[in-house]
file entry_26.pdb (PDB, C-alpha atoms and all ligand atoms)
ATOM      1  CA  MET J   1      95.071  87.394  59.526
ATOM      2  CA  SER J   2      93.436  89.687  62.127
ATOM      3  CA  ASN J   3      94.626  89.870  65.722
ATOM      4  CA  ASN J   4      91.008  89.947  66.863
ATOM      5  CA  ILE J   5      90.361  88.306  70.216
ATOM      6  CA  ASN J   6      87.731  85.883  71.491
ATOM      7  CA  LEU J   7      86.802  87.187  74.967
ATOM      8  CA  LEU J   8      86.387  83.705  76.442
ATOM      9  CA  GLU J   9      89.952  82.811  75.420
ATOM     10  CA  LEU J  10      91.300  86.089  76.853
ATOM     11  CA  VAL J  11      89.453  85.542  80.153
ATOM     12  CA  SER J  12      90.698  81.942  80.262
ATOM     13  CA  ALA J  13      94.284  83.166  79.902
ATOM     14  CA  CYS J  14      93.711  85.808  82.606
ATOM     15  CA  ILE J  15      92.362  83.156  85.008
ATOM     16  CA  ASP J  16      95.360  80.897  84.346
ATOM     17  CA  LEU J  17      97.870  83.709  84.854
ATOM     18  CA  ALA J  18      96.113  85.099  87.959
ATOM     19  CA  GLU J  19      96.148  81.619  89.565
ATOM     20  CA  GLN J  20      99.837  81.231  88.763
ATOM     21  CA  SER J  21     100.481  84.679  90.223
ATOM     22  CA  GLY J  22      98.750  83.457  93.369
ATOM     23  CA  ASP J  23     101.478  80.840  93.761
ATOM     24  CA  ILE J  24     104.095  83.561  93.357
ATOM     25  CA  ILE J  25     102.374  85.791  95.956
ATOM     26  CA  ARG J  26     101.990  82.958  98.476
ATOM     27  CA  ASP J  27     105.650  81.940  98.027
ATOM     28  CA  VAL J  28     106.886  85.501  98.631
ATOM     29  CA  PHE J  29     104.691  85.819 101.725
ATOM     30  CA  LYS J  30     105.827  82.458 103.152
ATOM     31  CA  SER J  31     109.476  83.369 102.470
ATOM     32  CA  GLY J  32     109.104  86.279 104.901
ATOM     33  CA  SER J  33     111.216  88.439 102.597
ATOM     34  CA  LEU J  34     108.712  90.794 100.953
ATOM     35  CA  GLY J  35     111.191  93.315  99.523
ATOM     36  CA  VAL J  36     109.026  96.309 100.477
ATOM     37  CA  GLN J  37     109.688  99.567  98.612
ATOM     38  CA  MET J  38     107.746 102.776  99.266
ATOM     39  CA  LYS J  39     106.458 104.338  95.997
ATOM     40  CA  ALA J  40     105.097 107.218  98.076
ATOM     41  CA  GLU J  41     104.570 107.845 101.797
ATOM     42  CA  ASP J  42     101.483 105.608 102.049
ATOM     43  CA  ASP J  43     102.001 103.446  98.982
ATOM     44  CA  PRO J  44     104.072 100.275  99.377
ATOM     45  CA  MET J  45     105.081  97.847  96.647
ATOM     46  CA  THR J  46     106.639  94.449  97.290
ATOM     47  CA  LYS J  47     108.517  91.815  95.327
ATOM     48  CA  ALA J  48     105.180  89.977  95.038
ATOM     49  CA  ASP J  49     103.459  92.948  93.323
ATOM     50  CA  LEU J  50     106.277  93.161  90.792
ATOM     51  CA  LEU J  51     106.661  89.442  90.059
ATOM     52  CA  SER J  52     102.887  89.034  89.761
ATOM     53  CA  GLN J  53     102.573  91.873  87.240
ATOM     54  CA  GLN J  54     105.569  90.686  85.215
ATOM     55  CA  HIS J  55     104.138  87.151  85.100
ATOM     56  CA  ILE J  56     100.683  88.243  83.961
ATOM     57  CA  ILE J  57     101.808  90.717  81.299
ATOM     58  CA  GLY J  58     104.577  88.421  80.033
ATOM     59  CA  GLY J  59     102.097  85.577  79.616
ATOM     60  CA  LEU J  60      99.411  87.700  77.921
ATOM     61  CA  ASN J  61     101.903  89.129  75.452
ATOM     62  CA  ASN J  62     102.993  85.601  74.468
ATOM     63  CA  VAL J  63      99.492  84.756  73.227
ATOM     64  CA  PHE J  64      97.681  87.967  72.284
ATOM     65  CA  LYS J  65      99.098  90.626  69.964
ATOM     66  CA  ASP J  66      98.554  94.394  70.257
ATOM     67  CA  LEU J  67      96.945  94.251  73.717
ATOM     68  CA  ILE J  68      96.684  97.626  75.492
ATOM     69  CA  ILE J  69      97.625  96.907  79.106
ATOM     70  CA  VAL J  70      97.572  99.268  82.117
ATOM     71  CA  GLY J  71      99.279  97.766  85.169
ATOM     72  CA  GLU J  72      99.619  99.398  88.559
ATOM     73  CA  GLU J  73     103.353  98.921  88.852
ATOM     74  CA  SER J  74     105.919 100.669  86.686
ATOM     75  CA  CYS J  75     108.273  97.864  85.773
ATOM     76  CA  GLU J  76     110.111  96.195  82.933
ATOM     77  CA  ILE J  77     108.521  93.003  81.619
ATOM     78  CA  PRO J  78     111.283  90.406  81.153
ATOM     79  CA  PRO J  79     110.903  87.802  78.400
ATOM     80  CA  SER J  80     108.457  85.109  79.521
ATOM     81  CA  THR J  81     108.157  81.454  78.555
ATOM     82  CA  THR J  82     104.654  81.227  80.013
ATOM     83  CA  ILE J  83     101.915  80.268  77.536
ATOM     84  CA  PRO J  84      98.586  80.654  79.382
ATOM     85  CA  ASN J  85      95.746  78.200  78.772
ATOM     86  CA  ILE J  86      93.109  79.820  76.517
ATOM     87  CA  HIS J  87      90.716  76.836  76.680
ATOM     88  CA  LYS J  88      89.746  76.760  80.366
ATOM     89  CA  LEU J  89      86.266  78.108  79.564
ATOM     90  CA  ASP J  90      85.536  76.238  76.307
ATOM     91  CA  THR J  91      82.463  74.648  77.917
ATOM     92  CA  GLN J  92      80.969  78.169  78.171
ATOM     93  CA  LYS J  93      81.271  78.887  74.420
ATOM     94  CA  ASP J  94      77.529  78.737  73.814
ATOM     95  CA  ASN J  95      76.902  81.391  76.508
ATOM     96  CA  LEU J  96      79.360  83.933  75.062
ATOM     97  CA  PRO J  97      77.477  86.943  73.641
ATOM     98  CA  GLN J  98      78.092  87.113  69.869
ATOM     99  CA  GLN J  99      79.596  90.628  70.077
ATOM    100  CA  PHE J 100      82.408  89.272  72.277
ATOM    101  CA  GLN J 101      83.557  86.558  69.866
ATOM    102  CA  SER J 102      85.935  88.690  67.808
ATOM    103  CA  LEU J 103      87.129  91.873  69.503
ATOM    104  CA  ASP J 104      89.580  94.353  68.007
ATOM    105  CA  PRO J 105      92.401  94.749  70.584
ATOM    106  CA  LYS J 106      92.431  98.519  69.984
ATOM    107  CA  ASP J 107      88.964  98.687  71.588
ATOM    108  CA  LEU J 108      90.156  96.849  74.711
ATOM    109  CA  ILE J 109      92.164  97.923  77.743
ATOM    110  CA  ILE J 110      93.397  95.313  80.242
ATOM    111  CA  PHE J 111      93.674  96.794  83.751
ATOM    112  CA  ILE J 112      95.953  94.801  86.074
ATOM    113  CA  ASP J 113      96.290  95.209  89.828
ATOM    114  CA  PRO J 114      98.826  92.434  90.412
ATOM    115  CA  LEU J 115      98.332  92.562  94.162
ATOM    116  CA  ASP J 116      95.524  94.599  95.686
ATOM    117  CA  ALA J 117      95.835  95.527  99.398
ATOM    118  CA  THR J 118      99.620  95.619  99.451
ATOM    119  CA  ARG J 119      99.624  97.565 102.699
ATOM    120  CA  GLU J 120      97.556  94.815 104.328
ATOM    121  CA  PHE J 121      99.896  92.236 102.775
ATOM    122  CA  THR J 122     102.897  93.883 104.430
ATOM    123  CA  LEU J 123     101.049  93.850 107.757
ATOM    124  CA  GLY J 124     100.227  90.144 107.434
ATOM    125  CA  ARG J 125      96.478  90.772 107.095
ATOM    126  CA  VAL J 126      96.317  88.697 103.916
ATOM    127  CA  HIS J 127      92.637  87.708 103.806
ATOM    128  CA  CYS J 128      91.836  90.784 101.674
ATOM    129  CA  VAL J 129      94.722  90.371  99.225
ATOM    130  CA  MET J 130      93.716  89.613  95.650
ATOM    131  CA  THR J 131      94.991  89.795  92.076
ATOM    132  CA  LEU J 132      92.679  91.808  89.813
ATOM    133  CA  ILE J 133      92.547  91.610  86.000
ATOM    134  CA  GLY J 134      89.796  93.709  84.396
ATOM    135  CA  ILE J 135      88.929  94.020  80.688
ATOM    136  CA  SER J 136      87.233  97.140  79.364
ATOM    137  CA  PHE J 137      85.698  97.565  75.901
ATOM    138  CA  LYS J 138      85.291 101.099  74.520
ATOM    139  CA  GLY J 139      85.514 102.558  78.035
ATOM    140  CA  LYS J 140      83.236 100.127  79.878
ATOM    141  CA  PRO J 141      84.063  96.957  81.882
ATOM    142  CA  ILE J 142      83.055  93.734  80.103
ATOM    143  CA  ALA J 143      84.986  91.038  82.016
ATOM    144  CA  GLY J 144      86.827  90.591  85.278
ATOM    145  CA  VAL J 145      89.009  88.024  87.030
ATOM    146  CA  ILE J 146      89.715  88.047  90.770
ATOM    147  CA  TYR J 147      92.112  85.585  92.397
ATOM    148  CA  GLN J 148      92.342  85.375  96.186
ATOM    149  CA  PRO J 149      95.549  83.528  97.194
ATOM    150  CA  PHE J 150      94.919  83.421 100.932
ATOM    151  CA  VAL J 151      91.495  81.786 101.201
ATOM    152  CA  ASP J 152      90.118  78.357 100.302
ATOM    153  CA  LYS J 153      88.065  77.656  97.158
ATOM    154  CA  GLU J 154      84.877  78.808  98.910
ATOM    155  CA  GLY J 155      86.542  82.017 100.034
ATOM    156  CA  HIS J 156      86.829  80.971 103.690
ATOM    157  CA  GLU J 157      89.613  82.863 105.465
ATOM    158  CA  SER J 158      92.119  81.137 107.746
ATOM    159  CA  THR J 159      95.103  82.086 109.886
ATOM    160  CA  ARG J 160      98.735  81.740 108.938
ATOM    161  CA  GLU J 161      98.901  78.680 111.203
ATOM    162  CA  GLU J 162      96.356  77.056 108.868
ATOM    163  CA  SER J 163      98.120  78.203 105.702
ATOM    164  CA  ASP J 164      97.678  74.715 104.224
ATOM    165  CA  LYS J 165      94.057  75.828 103.674
ATOM    166  CA  TRP J 166      95.220  78.683 101.399
ATOM    167  CA  THR J 167      94.214  76.758  98.284
ATOM    168  CA  GLY J 168      93.035  79.958  96.589
ATOM    169  CA  ARG J 169      89.795  81.111  94.973
ATOM    170  CA  THR J 170      88.986  82.406  91.491
ATOM    171  CA  VAL J 171      85.998  84.632  90.799
ATOM    172  CA  TRP J 172      85.358  85.606  87.171
ATOM    173  CA  ALA J 173      82.567  87.047  85.060
ATOM    174  CA  ILE J 174      81.728  88.281  81.589
ATOM    175  CA  VAL J 175      78.935  90.862  81.446
ATOM    176  CA  GLY J 176      75.888  89.187  79.892
ATOM    177  CA  MET J 177      76.806  85.656  80.993
ATOM    178  CA  PRO J 178      75.678  83.799  84.133
ATOM    179  CA  VAL J 179      78.084  84.159  87.086
ATOM    180  CA  GLU J 180      78.808  80.841  88.798
ATOM    181  CA  SER J 181      81.635  81.716  91.178
ATOM    182  CA  VAL J 182      79.919  84.045  93.665
ATOM    183  CA  GLN J 183      77.613  83.205  96.578
ATOM    184  CA  ASP J 184      75.179  85.077  98.833
ATOM    185  CA  LYS J 185      77.159  85.341 102.067
ATOM    186  CA  ARG J 186      74.719  87.444 104.093
ATOM    187  CA  ALA J 187      74.712  86.435 107.733
ATOM    188  CA  PRO J 188      71.123  85.491 108.790
ATOM    189  CA  GLU J 189      71.254  87.939 111.695
ATOM    190  CA  ASP J 190      72.078  90.754 109.226
ATOM    191  CA  LYS J 191      69.163  89.997 106.891
ATOM    192  CA  ASP J 192      67.232  93.236 107.518
ATOM    193  CA  LYS J 193      70.180  95.520 108.253
ATOM    194  CA  VAL J 194      71.785  98.208 106.095
ATOM    195  CA  ILE J 195      75.517  97.478 106.102
ATOM    196  CA  ILE J 196      78.198  99.801 104.764
ATOM    197  CA  VAL J 197      81.756  98.730 104.017
ATOM    198  CA  THR J 198      84.503 101.315 103.740
ATOM    199  CA  THR J 199      88.203 101.952 104.110
ATOM    200  CA  ALA J 200      90.163 100.968 107.189
ATOM    201  CA  SER J 201      93.418 102.668 106.268
ATOM    202  CA  HIS J 202      92.181 105.993 104.880
ATOM    203  CA  TYR J 203      89.200 106.823 107.097
ATOM    204  CA  THR J 204      88.441 110.556 107.359
ATOM    205  CA  GLN J 205      85.872 112.964 108.808
ATOM    206  CA  LYS J 206      84.464 113.406 105.301
ATOM    207  CA  ILE J 207      83.872 109.664 104.996
ATOM    208  CA  GLU J 208      82.292 109.655 108.454
ATOM    209  CA  GLU J 209      79.872 112.431 107.412
ATOM    210  CA  SER J 210      78.981 110.608 104.190
ATOM    211  CA  ILE J 211      78.238 107.408 106.064
ATOM    212  CA  LYS J 212      76.034 109.265 108.576
ATOM    213  CA  LYS J 213      73.823 110.461 105.673
ATOM    214  CA  ILE J 214      72.969 106.813 104.943
ATOM    215  CA  ASN J 215      72.442 106.058 108.639
ATOM    216  CA  PRO J 216      73.448 102.367 108.413
ATOM    217  CA  ASP J 217      72.848  99.678 111.014
ATOM    218  CA  LYS J 218      76.467  98.513 110.701
ATOM    219  CA  VAL J 219      79.771  99.849 109.301
ATOM    220  CA  ILE J 220      82.585  97.469 108.375
ATOM    221  CA  LYS J 221      86.037  99.002 107.923
ATOM    222  CA  THR J 222      88.439  96.716 106.093
ATOM    223  CA  GLY J 223      91.312  96.674 103.629
ATOM    224  CA  GLY J 224      91.546  96.229  99.899
ATOM    225  CA  ALA J 225      89.424  98.038  97.342
ATOM    226  CA  GLY J 226      88.810  94.734  95.543
ATOM    227  CA  TYR J 227      87.925  92.938  98.767
ATOM    228  CA  LYS J 228      85.361  95.565  99.724
ATOM    229  CA  THR J 229      83.735  95.375  96.296
ATOM    230  CA  LEU J 230      83.575  91.572  96.570
ATOM    231  CA  MET J 231      81.841  91.984  99.943
ATOM    232  CA  VAL J 232      79.051  93.929  98.206
ATOM    233  CA  ILE J 233      78.928  91.459  95.298
ATOM    234  CA  GLU J 234      78.468  88.605  97.809
ATOM    235  CA  ASN J 235      75.910  90.544  99.848
ATOM    236  CA  ARG J 236      78.060  90.818 102.987
ATOM    237  CA  ALA J 237      77.476  94.574 102.693
ATOM    238  CA  ASP J 238      74.912  96.733 100.894
ATOM    239  CA  VAL J 239      77.086  99.715  99.961
ATOM    240  CA  TYR J 240      80.830 100.320  99.573
ATOM    241  CA  VAL J 241      81.225 104.044 100.121
ATOM    242  CA  PHE J 242      84.583 105.678  99.451
ATOM    243  CA  PRO J 243      83.889 109.362  98.583
ATOM    244  CA  SER J 244      87.549 110.301  98.371
ATOM    245  CA  VAL J 245      90.481 110.071  96.007
ATOM    246  CA  GLY J 246      92.661 106.983  96.447
ATOM    247  CA  SER J 247      91.369 104.156  94.285
ATOM    248  CA  LYS J 248      92.439 103.763  90.673
ATOM    249  CA  LEU J 249      90.961 102.152  87.558
ATOM    250  CA  TRP J 250      93.031  98.975  88.125
ATOM    251  CA  ASP J 251      91.439  98.621  91.604
ATOM    252  CA  ILE J 252      87.900  98.616  90.227
ATOM    253  CA  CYS J 253      87.802  97.354  86.619
ATOM    254  CA  ALA J 254      87.733  93.615  87.426
ATOM    255  CA  PRO J 255      85.320  93.852  90.391
ATOM    256  CA  HIS J 256      83.179  96.326  88.409
ATOM    257  CA  ALA J 257      82.685  93.829  85.558
ATOM    258  CA  ILE J 258      81.711  91.082  88.034
ATOM    259  CA  LEU J 259      79.383  93.537  89.821
ATOM    260  CA  LEU J 260      77.679  94.414  86.500
ATOM    261  CA  ALA J 261      77.298  90.720  85.684
ATOM    262  CA  VAL J 262      75.333  90.214  88.928
ATOM    263  CA  GLY J 263      73.225  93.336  88.319
ATOM    264  CA  GLY J 264      75.130  95.784  90.523
ATOM    265  CA  THR J 265      76.187  99.409  89.978
ATOM    266  CA  LEU J 266      79.420 101.372  90.415
ATOM    267  CA  THR J 267      79.522 105.154  90.000
ATOM    268  CA  ASP J 268      81.236 108.109  91.573
ATOM    269  CA  PRO J 269      79.458 109.660  94.612
ATOM    270  CA  PHE J 270      77.430 111.899  92.266
ATOM    271  CA  GLY J 271      76.069 108.937  90.298
ATOM    272  CA  LYS J 272      78.398 109.581  87.339
ATOM    273  CA  ASP J 273      79.763 106.587  85.414
ATOM    274  CA  ILE J 274      83.488 105.861  85.487
ATOM    275  CA  LEU J 275      85.278 105.985  82.100
ATOM    276  CA  TYR J 276      87.970 103.328  81.642
ATOM    277  CA  SER J 277      90.790 105.003  79.755
ATOM    278  CA  THR J 278      94.567 105.006  79.336
ATOM    279  CA  ASP J 279      94.538 108.782  79.907
ATOM    280  CA  PRO J 280      96.850 109.262  82.943
ATOM    281  CA  SER J 281      94.573 112.057  84.216
ATOM    282  CA  LEU J 282      91.671 109.585  84.455
ATOM    283  CA  ILE J 283      93.484 106.693  86.179
ATOM    284  CA  GLU J 284      92.649 108.024  89.653
ATOM    285  CA  ASN J 285      88.965 107.959  90.734
ATOM    286  CA  LYS J 286      89.232 111.555  91.913
ATOM    287  CA  ASN J 287      85.713 111.862  93.372
ATOM    288  CA  GLY J 288      85.717 108.372  94.878
ATOM    289  CA  ILE J 289      83.405 105.408  94.292
ATOM    290  CA  VAL J 290      80.036 104.090  95.460
ATOM    291  CA  ILE J 291      79.196 100.440  94.867
ATOM    292  CA  THR J 292      75.848  98.661  95.368
ATOM    293  CA  THR J 293      73.883  95.661  94.195
ATOM    294  CA  GLY J 294      70.562  97.472  94.548
ATOM    295  CA  ASN J 295      68.902 100.831  95.377
ATOM    296  CA  HIS J 296      71.925 102.673  93.954
ATOM    297  CA  LYS J 297      70.005 105.889  93.210
ATOM    298  CA  LYS J 298      68.567 105.900  96.749
ATOM    299  CA  TYR J 299      72.065 105.826  98.233
ATOM    300  CA  ILE J 300      73.421 108.430  95.789
ATOM    301  CA  ASP J 301      70.499 110.754  96.666
ATOM    302  CA  LEU J 302      71.185 110.274 100.387
ATOM    303  CA  LEU J 303      74.893 111.047  99.915
ATOM    304  CA  ASN J 304      74.034 114.247  98.058
ATOM    305  CA  LYS J 305      71.208 115.535 100.233
TER     306      LYS J 305
HETATM  307  O1  LIG J 401      97.069  97.889  97.440
HETATM  308  P1  LIG J 401      96.885  98.621  96.130
HETATM  309  O2  LIG J 401      96.849  97.708  94.916
HETATM  310  O3  LIG J 401      97.820  99.776  95.989
HETATM  311  O4  LIG J 401      95.383  99.203  96.125
HETATM  312  C1  LIG J 401      94.967 100.034  97.201
HETATM  313  C2  LIG J 401      93.877 100.952  96.718
HETATM  314  O5  LIG J 401      94.410 101.770  95.666
HETATM  315  C3  LIG J 401      93.398 101.832  97.836
HETATM  316  O6  LIG J 401      92.280 102.584  97.383
HETATM  317  C4  LIG J 401      92.953 100.986  99.014
HETATM  318  O7  LIG J 401      92.738 101.853 100.095
HETATM  319  P2  LIG J 401      91.357 101.834 100.868
HETATM  320  O8  LIG J 401      91.415 100.657 101.837
HETATM  321  O9  LIG J 401      91.293 103.150 101.537
HETATM  322  O10 LIG J 401      90.266 101.627  99.826
HETATM  323  C5  LIG J 401      94.034 100.030  99.433
HETATM  324  O11 LIG J 401      93.507  99.225 100.467
HETATM  325  P3  LIG J 401      94.470  98.980 101.735
HETATM  326  O12 LIG J 401      94.856 100.361 102.207
HETATM  327  O13 LIG J 401      93.595  98.255 102.675
HETATM  328  O14 LIG J 401      95.632  98.202 101.222
HETATM  329  C6  LIG J 401      94.418  99.157  98.306
HETATM  330  O15 LIG J 401      93.282  98.466  97.845
HETATM  331 MG    MG J 402      94.800  98.115  94.367
HETATM  332 MG    MG J 403      98.090  96.821  93.854
HETATM  333 MG    MG J 404      99.543  99.659  95.316
END
call {"tool": "encode", "arguments": {"input": "entry_26.pdb", "output": "structure tokens", "more": "lines below"}}
Ligand SMILES: O=P(O)(O)O[C@H]1[C@H](O)[C@@H](O)[C@H](OP(=O)(O)O)[C@@H](OP(=O)(O)O)[C@H]1O
Ligand SMILES: [Mg+2]
Ligand SMILES: [Mg+2]
Ligand SMILES: [Mg+2]
result
Amino acid sequence: MSNNINLLELVSACIDLAEQSGDIIRDVFKSGSLGVQMKAEDDPMTKADLLSQQHIIGGLNNVFKDLIIVGEESCEIPPSTTIPNIHKLDTQKDNLPQQFQSLDPKDLIIFIDPLDATREFTLGRVHCVMTLIGISFKGKPIAGVIYQPFVDKEGHESTREESDKWTGRTVWAIVGMPVESVQDKRAPEDKDKVIIVTTASHYTQKIEESIKKINPDKVIKTGGAGYKTLMVIENRADVYVFPSVGSKLWDICAPHAILLAVGGTLTDPFGKDILYSTDPSLIENKNGIVITTGNHKKYIDLLNK
């Protein structure tokens, strides 16, 4: 009996576990006791990051054997009684590309960012917080799940005073299948503008110079690597430029798969593809990332002129 995996069942389980992790993250936030630890000077981790990762990995291991999993946090995974639902997407069976019906787990890597934008989370700016579960196949992203705990099902953001509206939002995609959970959120007044989104917390002169080469009409600085990628996917920005070290493979694998499914592109600032690997020396996107849903080569040429 092979341990081969049907991608739709794996994505279904990831959606179920990410949504359950959203409950965990919201509960920790509402408790007011985040249990912040500093992994490095500018790198916080909270109780929510840990519990979310333990929940997701514990649940996956209860259903799928021999999975190769790379999670952001270094933590023990206690025994779990969670059995995730593998049938949430059964209605999509006919759309699943044949090559994804029986995958050898040794060709897959599951990248988990249990809570992206932890720094923002600790500062109470929770609109950009999300759980990211990406699935790569032979080094390339093939599926991604994003769960946003602190927005409503349309992705509308609300204040803590309106926390009853934090019903949560799931965005998922498999490369080669139609994507139903994203919308075009371009503001009418921004229709003809070039909009760049970039880091709020790690802005540097080098990033400033890169952005000037594109000469945008508008620059949005905000938190969360996943959140910024989702802004490009939903057309709230044209380019996510981050030409510096800082993001890791777990920050980008899930959004990258969703971006590919909608026809977008993610490379390093020189136009080089990212290789998804368990090699510790490749976990960090050392040259940075550039993300677009169109005209990618034009922007790469501008950044390198
Ligand atoms: O919160 P974790 O899971 O550690 O992931 C971080 C990324 O690794 C960083 O690249 C993000 O920093 P930027 O906002 O500069 O992209 C950082 O964004 P933040 O500084 O706004 O929290 C996070 O997305
Ligand atoms: Mg992250
Ligand atoms: Mg994280
Ligand atoms: Mg982190």
call {"tool": "atom_distance", "arguments": {"input": "entry_26.pdb", "atom1": "CA of Leu60 in chain J", "atom2": "CA of Pro105 in chain J"}}
result
12.4 Å
call {"tool": "closest_residue", "arguments": {"input": "entry_26.pdb", "among": "J:Asn235, J:Ser2, J:Ile109, J:Leu51", "to": "Lys65 in chain J", "atoms": "all atoms listed in the file"}}
result
J:Ser2
call {"tool": "axis_aligned_box", "arguments": {"input": "entry_26.pdb", "around": "range 100-113 of chain J", "padding_each_side": "4 Å", "output": "JSON"}}
result
{"center_x": 89.3, "center_y": 92.6, "center_z": 78.8, "size_x": 21.9, "size_y": 20.1, "size_z": 30.0}
call {"tool": "resolve_selection", "arguments": {"input": "entry_26.pdb", "expression": "the PyMOL selection byres (((not hetatm)) within 9 of (chain J and resi 404))", "output": "PyMOL selection string"}}
result
chain J and resi 39+43-45+49+72-73+113-119+251
call {"tool": "residues_around", "arguments": {"input": "entry_26.pdb", "residues": "Ser181 in chain J", "least_positions_apart": "4", "cutoff": "12 Å", "atoms": "only C-alpha atoms", "output": "short mmCIF file (atom, residue, chain, number, x, y, z; two decimals) with C-alpha atoms, in the coordinates of the input"}}
result
data_model
loop_
_atom_site.label_atom_id
_atom_site.label_comp_id
_atom_site.auth_asym_id
_atom_site.auth_seq_id
_atom_site.Cartn_x
_atom_site.Cartn_y
_atom_site.Cartn_z
CA GLY J 144 86.83 90.59 85.28
CA VAL J 145 89.01 88.02 87.03
CA ILE J 146 89.72 88.05 90.77
CA TYR J 147 92.11 85.58 92.40
CA LYS J 153 88.06 77.66 97.16
CA GLU J 154 84.88 78.81 98.91
CA GLY J 155 86.54 82.02 100.03
CA ARG J 169 89.80 81.11 94.97
CA THR J 170 88.99 82.41 91.49
CA VAL J 171 86.00 84.63 90.80
CA TRP J 172 85.36 85.61 87.17
CA ALA J 173 82.57 87.05 85.06
CA ILE J 174 81.73 88.28 81.59
CA MET J 177 76.81 85.66 80.99
CA LEU J 230 83.58 91.57 96.57
CA ILE J 233 78.93 91.46 95.30
CA GLU J 234 78.47 88.60 97.81
CA ILE J 258 81.71 91.08 88.03
CA ALA J 261 77.30 90.72 85.68
CA VAL J 262 75.33 90.21 88.93
#
call {"tool": "residues_near_point", "arguments": {"input": "entry_26.pdb", "point": "(94.0, 93.6, 87.0)", "cutoff": "12 Å", "atoms": "only C-alpha atoms", "output": "NGL selection string"}}
result
:J and (11 or 14-15 or 17-18 or 21 or 49 or 52-53 or 56-57 or 69-73 or 109-116 or 130-136 or 141 or 143-147 or 172 or 226 or 248-257)
call {"tool": "closest_residue", "arguments": {"input": "entry_26.pdb", "among": "J:Asp42, J:Asp27, J:Asp217, J:Glu208", "to": "Ser163 in chain J", "atoms": "only C-alpha atoms"}}
result
J:Asp27
call {"tool": "residues_near_point", "arguments": {"input": "entry_26.pdb", "point": "(72.5, 95.3, 90.2)", "cutoff": "10 Å", "atoms": "all atoms listed in the file", "output": "list in words"}}
result
Ile233, Leu259, Leu260, Ala261, Val262, Gly263, Gly264, Thr265, Leu266, Ile291, Thr292, Thr293, Gly294, Asn295 and His296 of chain J
call {"tool": "resolve_selection", "arguments": {"input": "entry_26.pdb", "expression": "the PyMOL selection byres (((chain J and resi 195) around 9) and not hetatm)", "output": "tab-separated table (two decimals) with C-alpha atoms, keeping the file's coordinate frame"}}
result
chain	number	residue	atom	x	y	z
J	190	ASP	CA	72.08	90.75	109.23
J	193	LYS	CA	70.18	95.52	108.25
J	194	VAL	CA	71.78	98.21	106.10
J	196	ILE	CA	78.20	99.80	104.76
J	197	VAL	CA	81.76	98.73	104.02
J	216	PRO	CA	73.45	102.37	108.41
J	217	ASP	CA	72.85	99.68	111.01
J	218	LYS	CA	76.47	98.51	110.70
J	219	VAL	CA	79.77	99.85	109.30
J	220	ILE	CA	82.58	97.47	108.38
J	236	ARG	CA	78.06	90.82	102.99
J	237	ALA	CA	77.48	94.57	102.69
J	238	ASP	CA	74.91	96.73	100.89
J	239	VAL	CA	77.09	99.72	99.96
J	240	TYR	CA	80.83	100.32	99.57
call {"tool": "atom_distance", "arguments": {"input": "entry_26.pdb", "atom1": "CA of Asp16 in chain J", "atom2": "CA of Thr81 in chain J"}}
result
14.1 Å
call {"tool": "closest_residue", "arguments": {"input": "entry_26.pdb", "among": "J:Gly224, J:Gly58, J:Pro97, J:Gly288", "to": "Pro84 in chain J", "atoms": "all atoms listed in the file"}}
result
J:Gly58
call {"tool": "resolve_selection", "arguments": {"input": "entry_26.pdb", "expression": "the PyMOL selection byres (((chain J and resi 244) around 6) and not hetatm)", "output": "count of residues only"}}
result
5
call {"tool": "closest_residue", "arguments": {"input": "entry_26.pdb", "among": "J:Asn85, J:Asn6, J:Asn304, J:Ser31", "to": "Gln98 in chain J", "atoms": "all atoms listed in the file"}}
result
J:Asn6
call {"tool": "closest_residue", "arguments": {"input": "entry_26.pdb", "among": "J:Asp94, J:Asp164, J:Glu9, J:Glu120", "to": "ligand MG 403 (chain J)", "atoms": "all atoms listed in the file"}}
result
J:Glu120
call {"tool": "decode", "arguments": {"input": "entry_26.pdb", "residues": "range 88-105 of chain J", "atoms": "C-alpha atoms", "output": "mmCIF file, in the first residue's frame"}}
result
data_model
loop_
_atom_site.group_PDB
_atom_site.id
_atom_site.type_symbol
_atom_site.label_atom_id
_atom_site.label_comp_id
_atom_site.auth_asym_id
_atom_site.auth_seq_id
_atom_site.Cartn_x
_atom_site.Cartn_y
_atom_site.Cartn_z
ATOM 1 C CA LYS J 88 -13.693 19.611 1.916
ATOM 2 C CA LEU J 89 -12.835 19.933 -1.790
ATOM 3 C CA ASP J 90 -14.408 16.719 -3.143
ATOM 4 C CA THR J 91 -16.645 18.789 -5.440
ATOM 5 C CA GLN J 92 -13.462 19.953 -7.231
ATOM 6 C CA LYS J 93 -12.274 16.404 -8.055
ATOM 7 C CA ASP J 94 -12.951 16.749 -11.772
ATOM 8 C CA ASN J 95 -10.761 19.890 -11.963
ATOM 9 C CA LEU J 96 -7.709 18.280 -10.326
ATOM 10 C CA PRO J 97 -4.895 17.863 -12.882
ATOM 11 C CA GLN J 98 -4.192 14.131 -13.345
ATOM 12 C CA GLN J 99 -0.529 14.491 -12.287
ATOM 13 C CA PHE J 100 -1.664 15.672 -8.836
ATOM 14 C CA GLN J 101 -3.861 12.660 -8.063
ATOM 15 C CA SER J 102 -1.152 10.422 -6.618
ATOM 16 C CA LEU J 103 1.963 12.230 -5.410
ATOM 17 C CA ASP J 104 4.960 10.563 -3.786
ATOM 18 C CA PRO J 105 5.501 12.372 -0.440
#
